[in-house]
Structure formats: C-alpha cells, structure tokens
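Structure data follow from run11.csv (CSV, C-alpha atoms):
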chain,number,residue,atom,x,y,z
A,1,MET,CA,17.7,-24.7,11.0
A,2,GLU,CA,17.5,-24.3,7.3
A,3,ALA,CA,15.3,-27.4,7.0
A,4,VAL,CA,12.9,-26.0,9.6
A,5,SER,CA,12.8,-22.6,8.0
A,6,GLU,CA,12.1,-24.2,4.6
A,7,VAL,CA,9.2,-26.2,6.2
A,8,GLU,CA,7.9,-22.9,7.7
A,9,ARG,CA,7.8,-21.4,4.3
A,10,GLN,CA,5.4,-24.1,3.0
A,11,TYR,CA,1.7,-23.7,3.4
A,12,GLY,CA,-0.6,-26.5,2.2
A,13,GLY,CA,2.3,-27.9,0.2
A,14,ARG,CA,3.0,-24.6,-1.5
A,15,SER,CA,5.7,-22.0,-0.9
A,16,VAL,CA,5.1,-18.5,0.2
A,17,THR,CA,6.5,-17.3,-3.2
A,18,ALA,CA,4.0,-19.5,-5.1
A,19,ARG,CA,1.1,-18.2,-3.0
A,20,ARG,CA,2.2,-14.6,-3.4
A,21,ALA,CA,2.5,-15.1,-7.2
A,22,GLU,CA,-1.0,-16.6,-7.3
A,23,ARG,CA,-2.4,-13.6,-5.3
A,24,ARG,CA,-0.7,-11.2,-7.6
A,25,SER,CA,-2.3,-12.9,-10.6
A,26,GLN,CA,-5.7,-12.8,-8.9
A,27,PHE,CA,-5.4,-9.0,-8.4
A,28,ILE,CA,-4.3,-8.5,-12.0
A,29,ALA,CA,-7.2,-10.5,-13.3
A,30,ALA,CA,-9.6,-8.6,-11.0
A,31,ALA,CA,-8.1,-5.3,-12.2
A,32,LEU,CA,-8.8,-6.2,-15.8
A,33,ALA,CA,-12.5,-6.9,-15.0
A,34,VAL,CA,-13.0,-3.9,-12.6
A,35,PHE,CA,-11.0,-1.2,-14.6
A,36,THR,CA,-12.8,-2.0,-17.8
A,37,GLU,CA,-16.2,-2.3,-16.3
A,38,LYS,CA,-16.2,0.7,-14.0
A,39,GLY,CA,-13.4,2.7,-15.6
A,40,TYR,CA,-10.1,3.1,-13.9
A,41,ALA,CA,-10.9,6.6,-12.6
A,42,ARG,CA,-14.1,5.4,-10.9
A,43,SER,CA,-12.7,2.2,-9.4
A,44,SER,CA,-11.1,1.7,-6.1
A,45,VAL,CA,-8.8,-0.7,-4.2
A,46,ALA,CA,-11.9,-2.0,-2.4
A,47,ASP,CA,-13.5,-2.9,-5.8
A,48,VAL,CA,-10.5,-4.8,-6.9
A,49,CYS,CA,-10.2,-6.6,-3.6
A,50,ALA,CA,-13.9,-7.6,-3.7
A,51,ALA,CA,-13.5,-8.9,-7.3
A,52,ALA,CA,-10.3,-10.8,-6.4
A,53,GLY,CA,-11.8,-12.2,-3.1
A,54,LEU,CA,-8.8,-11.0,-1.2
A,55,ALA,CA,-8.1,-8.6,1.6
A,56,ARG,CA,-6.8,-5.0,1.4
A,57,SER,CA,-3.8,-6.1,3.5
A,58,GLN,CA,-3.0,-8.6,0.8
A,59,PHE,CA,-3.3,-6.0,-1.9
A,60,TYR,CA,-0.9,-3.7,-0.2
A,61,ALA,CA,1.5,-6.5,0.3
A,62,GLU,CA,1.8,-6.7,-3.5
A,63,PHE,CA,1.1,-3.2,-4.8
A,64,ALA,CA,1.8,0.3,-3.3
A,65,SER,CA,-1.2,1.8,-5.0
A,66,ARG,CA,-4.0,1.3,-7.5
A,67,GLU,CA,-1.8,3.0,-10.1
A,68,ASP,CA,0.9,0.4,-9.5
A,69,LEU,CA,-1.7,-2.3,-10.2
A,70,LEU,CA,-2.7,-0.6,-13.4
A,71,LEU,CA,0.9,-0.6,-14.6
A,72,ALA,CA,1.3,-4.3,-13.6
A,73,LEU,CA,-1.8,-5.1,-15.6
A,74,TYR,CA,-0.6,-3.1,-18.6
A,75,ASP,CA,2.9,-4.7,-18.5
A,76,GLN,CA,1.4,-8.1,-18.3
A,77,ILE,CA,-0.8,-7.5,-21.4
A,78,GLN,CA,2.2,-6.2,-23.4
A,79,SER,CA,4.5,-9.1,-22.2
A,80,ASP,CA,1.8,-11.7,-23.1
A,81,ALA,CA,1.6,-10.2,-26.6
A,82,ARG,CA,5.4,-10.4,-27.2
A,83,GLU,CA,5.6,-13.9,-25.9
A,84,ALA,CA,2.7,-14.9,-28.2
A,85,MET,CA,4.5,-13.5,-31.2
A,86,VAL,CA,7.7,-15.3,-30.4
A,87,ALA,CA,5.9,-18.6,-29.9
A,88,ALA,CA,4.0,-18.1,-33.2
A,89,LEU,CA,7.2,-17.4,-35.1
A,90,ALA,CA,8.8,-20.5,-33.7
A,91,GLU,CA,6.0,-22.6,-35.1
A,92,VAL,CA,6.2,-21.3,-38.7
A,93,ALA,CA,7.8,-23.9,-41.0
A,94,SER,CA,8.2,-21.4,-43.9
A,95,SER,CA,11.1,-19.0,-44.2
A,96,GLU,CA,9.0,-16.6,-46.4
A,97,LEU,CA,8.8,-13.2,-44.9
A,98,ARG,CA,5.1,-12.8,-45.5
A,99,ASP,CA,4.3,-16.1,-43.8
A,100,LEU,CA,6.4,-15.1,-40.7
A,101,VAL,CA,4.8,-11.7,-40.5
A,102,ALA,CA,1.3,-13.1,-40.9
A,103,ALA,CA,1.9,-15.5,-38.0
A,104,ALA,CA,3.3,-12.8,-35.8
A,105,MET,CA,0.5,-10.4,-36.5
A,106,GLU,CA,-2.2,-13.0,-36.0
A,107,ALA,CA,-0.6,-13.9,-32.6
A,108,PHE,CA,-0.5,-10.2,-31.6
A,109,VAL,CA,-4.1,-9.5,-32.5
A,110,GLU,CA,-5.3,-12.7,-30.7
A,111,SER,CA,-3.3,-11.8,-27.6
A,112,ILE,CA,-4.4,-8.1,-27.3
A,113,GLY,CA,-7.3,-7.6,-29.6
A,114,ALA,CA,-9.4,-10.8,-29.1
A,115,ASP,CA,-10.4,-9.7,-25.6
A,116,PRO,CA,-11.7,-6.1,-26.0
A,117,ARG,CA,-10.8,-5.5,-22.3
A,118,ARG,CA,-7.1,-6.0,-22.9
A,119,ALA,CA,-7.3,-3.5,-25.9
A,120,GLN,CA,-9.1,-1.0,-23.7
A,121,ILE,CA,-6.4,-1.1,-21.0
A,122,SER,CA,-3.7,-0.9,-23.6
A,123,TYR,CA,-5.1,1.9,-25.7
A,124,VAL,CA,-7.7,3.8,-23.7
A,125,ASP,CA,-7.4,3.4,-19.9
A,126,ILE,CA,-3.7,3.7,-19.7
A,127,VAL,CA,-3.7,7.1,-21.5
A,128,GLY,CA,-3.5,10.3,-19.4
A,129,VAL,CA,-3.7,8.8,-16.0
A,130,SER,CA,-0.7,10.7,-14.6
A,131,PRO,CA,2.7,11.9,-15.8
A,132,ARG,CA,4.3,8.7,-14.3
A,133,VAL,CA,1.9,6.4,-16.1
A,134,GLU,CA,2.4,8.4,-19.4
A,135,GLN,CA,6.2,8.0,-19.0
A,136,HIS,CA,5.7,4.3,-18.4
A,137,ARG,CA,3.6,4.0,-21.5
A,138,LEU,CA,6.3,5.7,-23.6
A,139,ASP,CA,8.9,3.5,-22.0
A,140,GLN,CA,6.9,0.4,-23.2
A,141,ARG,CA,6.9,1.8,-26.7
A,142,VAL,CA,10.7,1.8,-26.5
A,143,VAL,CA,10.6,-1.8,-25.4
A,144,TRP,CA,8.3,-2.6,-28.4
A,145,ALA,CA,10.7,-0.8,-30.7
A,146,GLY,CA,13.6,-2.9,-29.5
A,147,PHE,CA,11.4,-6.0,-29.9
A,148,PHE,CA,10.6,-4.9,-33.5
A,149,GLU,CA,14.2,-4.4,-34.3
A,150,SER,CA,15.5,-7.6,-32.8
A,151,THR,CA,12.7,-9.7,-34.4
A,152,LEU,CA,13.2,-8.1,-37.8
A,153,ARG,CA,16.9,-8.6,-37.7
A,154,GLY,CA,16.4,-12.2,-36.8
A,155,VAL,CA,14.2,-12.7,-39.9
A,156,MET,CA,16.0,-10.5,-42.4
A,157,GLY,CA,19.6,-10.7,-41.1
A,158,GLU,CA,21.9,-8.4,-39.1
A,159,GLY,CA,22.7,-6.3,-42.1
A,160,PHE,CA,19.1,-5.4,-42.8
A,161,GLU,CA,18.1,-1.7,-42.4
A,162,PRO,CA,14.5,-0.6,-43.0
A,163,PRO,CA,13.8,2.8,-44.8
A,164,GLY,CA,14.6,5.6,-42.4
A,165,GLY,CA,16.3,3.3,-40.0
A,166,TYR,CA,14.9,1.2,-37.2
A,167,PRO,CA,13.8,4.0,-34.8
A,168,LEU,CA,11.5,5.7,-37.5
A,169,ALA,CA,10.4,2.4,-39.0
A,170,ALA,CA,9.5,0.9,-35.6
A,171,THR,CA,7.6,4.1,-34.6
A,172,ALA,CA,5.6,4.1,-37.9
A,173,PHE,CA,4.7,0.4,-37.7
A,174,ILE,CA,3.9,0.3,-34.0
A,175,GLY,CA,1.7,3.4,-34.4
A,176,ALA,CA,-0.2,1.8,-37.3
A,177,LEU,CA,-0.6,-1.5,-35.5
A,178,THR,CA,-1.8,0.2,-32.3
A,179,ALA,CA,-4.4,2.2,-34.2
A,180,LEU,CA,-5.7,-0.7,-36.3
A,181,VAL,CA,-5.9,-3.2,-33.4
A,182,HIS,CA,-7.8,-0.7,-31.2
A,183,GLN,CA,-10.3,0.1,-34.0
A,184,TRP,CA,-10.8,-3.5,-34.8
A,185,SER,CA,-11.2,-4.6,-31.2
A,186,THR,CA,-13.9,-1.9,-30.5
A,187,THR,CA,-15.9,-2.3,-33.7
A,188,ASP,CA,-19.3,-3.9,-33.3
A,189,PRO,CA,-19.8,-6.2,-35.0
A,190,ARG,CA,-16.1,-7.0,-35.2
A,191,PRO,CA,-14.9,-7.6,-38.8
A,192,PRO,CA,-12.9,-10.8,-39.6
A,193,VAL,CA,-9.4,-10.8,-38.2
A,194,THR,CA,-8.0,-11.9,-41.5
A,195,GLY,CA,-8.5,-8.4,-42.9
A,196,LEU,CA,-6.5,-6.8,-40.1
A,197,VAL,CA,-3.8,-9.3,-40.3
A,198,GLU,CA,-3.6,-8.9,-44.1
A,199,VAL,CA,-3.2,-5.1,-43.8
A,200,MET,CA,-0.4,-5.3,-41.3
A,201,THR,CA,1.3,-8.2,-43.1
A,202,THR,CA,1.2,-6.1,-46.4
A,203,LEU,CA,2.7,-3.0,-44.7
A,204,LEU,CA,5.6,-4.8,-43.0
A,205,SER,CA,6.3,-7.0,-46.0
A,206,ALA,CA,6.4,-3.9,-48.2
A,207,LEU,CA,8.7,-2.2,-45.8
A,208,ALA,CA,11.1,-5.1,-45.7
A,209,ARG,CA,10.9,-5.7,-49.5
A,210,ASP,CA,11.6,-2.0,-50.3
A,211,ALA,CA,14.7,-2.0,-48.0
A,212,SER,CA,16.1,-5.2,-49.4
A,213,GLU,CA,15.8,-3.9,-53.0
A,214,THR,CA,17.7,-0.7,-52.4
Render the structure in this file as structure tokens.
Amino acid sequence: MEAVSEVERQYGGRSVTARRAERRSQFIAAALAVFTEKGYARSSVADVCAAAGLARSQFYAEFASREDLLLALYDQIQSDAREAMVAALAEVASSELRDLVAAAMEAFVESIGADPRRAQISYVDIVGVSPRVEQHRLDQRVVWAGFFESTLRGVMGEGFEPPGGYPLAATAFIGALTALVHQWSTTDPRPPVTGLVEVMTTLLSALARDASET
C-alpha cells in the first residue's frame, strides 16, 4: 500500500510537496509585483491570483489571508538577505574585519536594495498594516539582532563585546542600515552602491575597532 500511495502522490513526475512549494513561490513572486505596483492596501487576493496564474482555491490552500501572504513575502526577503550575507562571508579569503564587513554589506544591499520593490516591501508596505504585522516586523528585528551578534562573534571571537553591549549596538547598526538602504534604493538616479557600502563598512569597522581597543 505504501508504494501505491507514493505513486498517488506523484503528478507529472513531481511530488505534491514540490508542486505546493512551486505554487507558494508563484504566489510570493506575484505578491511582490502586485503589492508594490498597486499598493498593499489597494490590492486583493484576486489580483494576486491573476498575477500568479493560479486559482483562489490554490491561494487559500497556502495562505489564510492576504496579510499572511505579505508576511511570507517579507520573511522571504529577510531570509534571502541573511543567506546572501553568509554566502558572501564564506567567499572572502581575507581575515581583515573591513574586508569581511564590506563583503557582507555589499551582499545585503544587493539582496534587498538592488530591487526597489524588495526595499519597498521591507521598509514601506510592511509598516502600520495591523498590530499583528507590526509585532511580526519587530520580531524580525530581534532575528536580525541575533544574526548581527552571532556573525560578529564569529568574526571577532566569543569574547568580543561592542560598546553598549550587543542589544544596543545591534539596534543602532540595524537602524542605520535600514535607513540608508531604503534611501539609496528609492533615490533616482540611484547613487553608486560603493558609497553606501563604504559608509556601513566604516561604521561597523569603527564600532568593532573601538571595542577591541578598550
């Protein structure tokens, strides 16, 4: 019976899980286009389904609401940025802090800022939607703070402690990074990314240098 049920779970040579994952990705991609073009508040589930080329029944098989789709899109953008930074750090041959920071910052900007739509979702459309979404956004900042701490400890060593401690240092750095990437991504014409990377590299390098010298 197990062999039969396994065959039944295959459609066109692909599993139900794979097909659902693909549909979910289609809805998220459609949400990025629809929410940034029409605005989240003015868009509808029907708009997203039309852009994805999928049915409403398929939408509700993946998401309970349009708000859930927005959160999934937001989380995907944040996760992509963290993964890009980790991958960039792994490729750096130098052990110099400034080189490592520059690689991480460039990866972050490329992931979130290079496509203005991703920056718009991250810094504009996600804000003020509902108390639930606001709490989720704040929870993601906690995730970023943890990522900041674990990454910096990996570079500087477990004994490293930034000025004011990790919670304050992470909040300050993430706030500056968010503001700068948002401004850069929405500026027309957009200035060279090297300037943005240089600012953030200088800030974090100075933070780490000041702490190591105390």
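The closest residue to A:Ala29, picked from A:Val199, A:Leu152, A:Leu73, A:Val16 and counting only C-alpha atoms, is A:Leu73.
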note = Judged by only C-alpha atoms, the minimum distance to A:Ala81 among A:Ala107, A:Leu97, A:Ala102, A:Val129 is found for A:Ala107
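Put simply, atom CA of A:Leu207 is 28.4 Å away from atom CA of A:Gln120.
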query = Within 10 Å of stretch 161-173 of chain A, counting all atoms listed in the file, which residues qualify if same-chain residues fewer than 4 places away don't, as JSON, numbers by chain?
reply = {"A": [141, 142, 144, 145, 146, 147, 148, 149, 150, 152, 153, 156, 157, 177, 178, 179, 200, 203, 204, 207, 208, 209, 210, 211, 212, 214]}
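Our summary of the geometry notes that atom CA of A:Val109 is positioned 29.1 Å from atom CA of A:Asp47.
Put simply, atom CA of A:Val86 is 24.6 Å away from atom CA of A:Arg24.
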key: Long-range neighbours of A:Glu134 as a list in words, 12 Å cut-off, all atoms listed in the file, 3 positions minimum in chain   = Glu67, Leu70, Leu71, Tyr74, Ser122, Tyr123, Val124, Asp125, Ile126, Val127, Gly128, Val129, Ser130, Pro131, Arg137, Leu138, Asp139, Gln140 and Arg141 of chain A
Emit the selected residues as a PDB file, keeping the file's coordinate frame, including C-alpha atoms.
ATOM      1  CA  GLU A  67      -1.800   3.000 -10.100  1.00  0.00           C
ATOM      2  CA  LEU A  70      -2.700  -0.600 -13.400  1.00  0.00           C
ATOM      3  CA  LEU A  71       0.900  -0.600 -14.600  1.00  0.00           C
ATOM      4  CA  TYR A  74      -0.600  -3.100 -18.600  1.00  0.00           C
ATOM      5  CA  SER A 122      -3.700  -0.900 -23.600  1.00  0.00           C
ATOM      6  CA  TYR A 123      -5.100   1.900 -25.700  1.00  0.00           C
ATOM      7  CA  VAL A 124      -7.700   3.800 -23.700  1.00  0.00           C
ATOM      8  CA  ASP A 125      -7.400   3.400 -19.900  1.00  0.00           C
ATOM      9  CA  ILE A 126      -3.700   3.700 -19.700  1.00  0.00           C
ATOM     10  CA  VAL A 127      -3.700   7.100 -21.500  1.00  0.00           C
ATOM     11  CA  GLY A 128      -3.500  10.300 -19.400  1.00  0.00           C
ATOM     12  CA  VAL A 129      -3.700   8.800 -16.000  1.00  0.00           C
ATOM     13  CA  SER A 130      -0.700  10.700 -14.600  1.00  0.00           C
ATOM     14  CA  PRO A 131       2.700  11.900 -15.800  1.00  0.00           C
ATOM     15  CA  ARG A 137       3.600   4.000 -21.500  1.00  0.00           C
ATOM     16  CA  LEU A 138       6.300   5.700 -23.600  1.00  0.00           C
ATOM     17  CA  ASP A 139       8.900   3.500 -22.000  1.00  0.00           C
ATOM     18  CA  GLN A 140       6.900   0.400 -23.200  1.00  0.00           C
ATOM     19  CA  ARG A 141       6.900   1.800 -26.700  1.00  0.00           C
TER      20      ARG A 141
END
request  = Write out as a list in words which residues come within 10 Å of A:Thr194 when counting all atoms listed in the file, dropping same-chain ones fewer than 2 positions away.
outcome  = Ala102, Met105, Glu106, Pro191, Pro192, Leu196, Val197, Glu198 and Val199 of chain A
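Distances to A:Ala30 were evaluated for A:Arg190, A:Arg98, A:Arg117, A:His182 using all atoms listed in the file, and the minimum falls at A:Arg117.
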query = Using only C-alpha atoms, which of A:Glu62, A:Ala104, A:Val48, A:Val133 sits nearest A:Thr36?
reply = A:Val48
remark   = Counting all atoms listed in the file, closest pick from A:Arg42, A:Val155, A:Arg82, A:Gly53 relative to A:Ser205 is A:Val155
Near-A:Leu69 list (12 Å; all atoms listed in the file; drop same-chain fewer than 5 positions) as a PDB file with C-alpha atoms, in the frame of the given file:
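The result, stored in part.pdb:
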ATOM      1  CA  ARG A  24      -0.700 -11.200  -7.600  1.00  0.00           C
ATOM      2  CA  SER A  25      -2.300 -12.900 -10.600  1.00  0.00           C
ATOM      3  CA  GLN A  26      -5.700 -12.800  -8.900  1.00  0.00           C
ATOM      4  CA  PHE A  27      -5.400  -9.000  -8.400  1.00  0.00           C
ATOM      5  CA  ILE A  28      -4.300  -8.500 -12.000  1.00  0.00           C
ATOM      6  CA  ALA A  29      -7.200 -10.500 -13.300  1.00  0.00           C
ATOM      7  CA  ALA A  30      -9.600  -8.600 -11.000  1.00  0.00           C
ATOM      8  CA  ALA A  31      -8.100  -5.300 -12.200  1.00  0.00           C
ATOM      9  CA  LEU A  32      -8.800  -6.200 -15.800  1.00  0.00           C
ATOM     10  CA  VAL A  34     -13.000  -3.900 -12.600  1.00  0.00           C
ATOM     11  CA  PHE A  35     -11.000  -1.200 -14.600  1.00  0.00           C
ATOM     12  CA  TYR A  40     -10.100   3.100 -13.900  1.00  0.00           C
ATOM     13  CA  SER A  43     -12.700   2.200  -9.400  1.00  0.00           C
ATOM     14  CA  SER A  44     -11.100   1.700  -6.100  1.00  0.00           C
ATOM     15  CA  VAL A  45      -8.800  -0.700  -4.200  1.00  0.00           C
ATOM     16  CA  VAL A  48     -10.500  -4.800  -6.900  1.00  0.00           C
ATOM     17  CA  CYS A  49     -10.200  -6.600  -3.600  1.00  0.00           C
ATOM     18  CA  PHE A  59      -3.300  -6.000  -1.900  1.00  0.00           C
ATOM     19  CA  TYR A  60      -0.900  -3.700  -0.200  1.00  0.00           C
ATOM     20  CA  ALA A  61       1.500  -6.500   0.300  1.00  0.00           C
ATOM     21  CA  GLU A  62       1.800  -6.700  -3.500  1.00  0.00           C
ATOM     22  CA  PHE A  63       1.100  -3.200  -4.800  1.00  0.00           C
ATOM     23  CA  ALA A  64       1.800   0.300  -3.300  1.00  0.00           C
ATOM     24  CA  TYR A  74      -0.600  -3.100 -18.600  1.00  0.00           C
ATOM     25  CA  ASP A  75       2.900  -4.700 -18.500  1.00  0.00           C
ATOM     26  CA  GLN A  76       1.400  -8.100 -18.300  1.00  0.00           C
ATOM     27  CA  ILE A 121      -6.400  -1.100 -21.000  1.00  0.00           C
ATOM     28  CA  ILE A 126      -3.700   3.700 -19.700  1.00  0.00           C
ATOM     29  CA  VAL A 133       1.900   6.400 -16.100  1.00  0.00           C
TER      30      VAL A 133
END
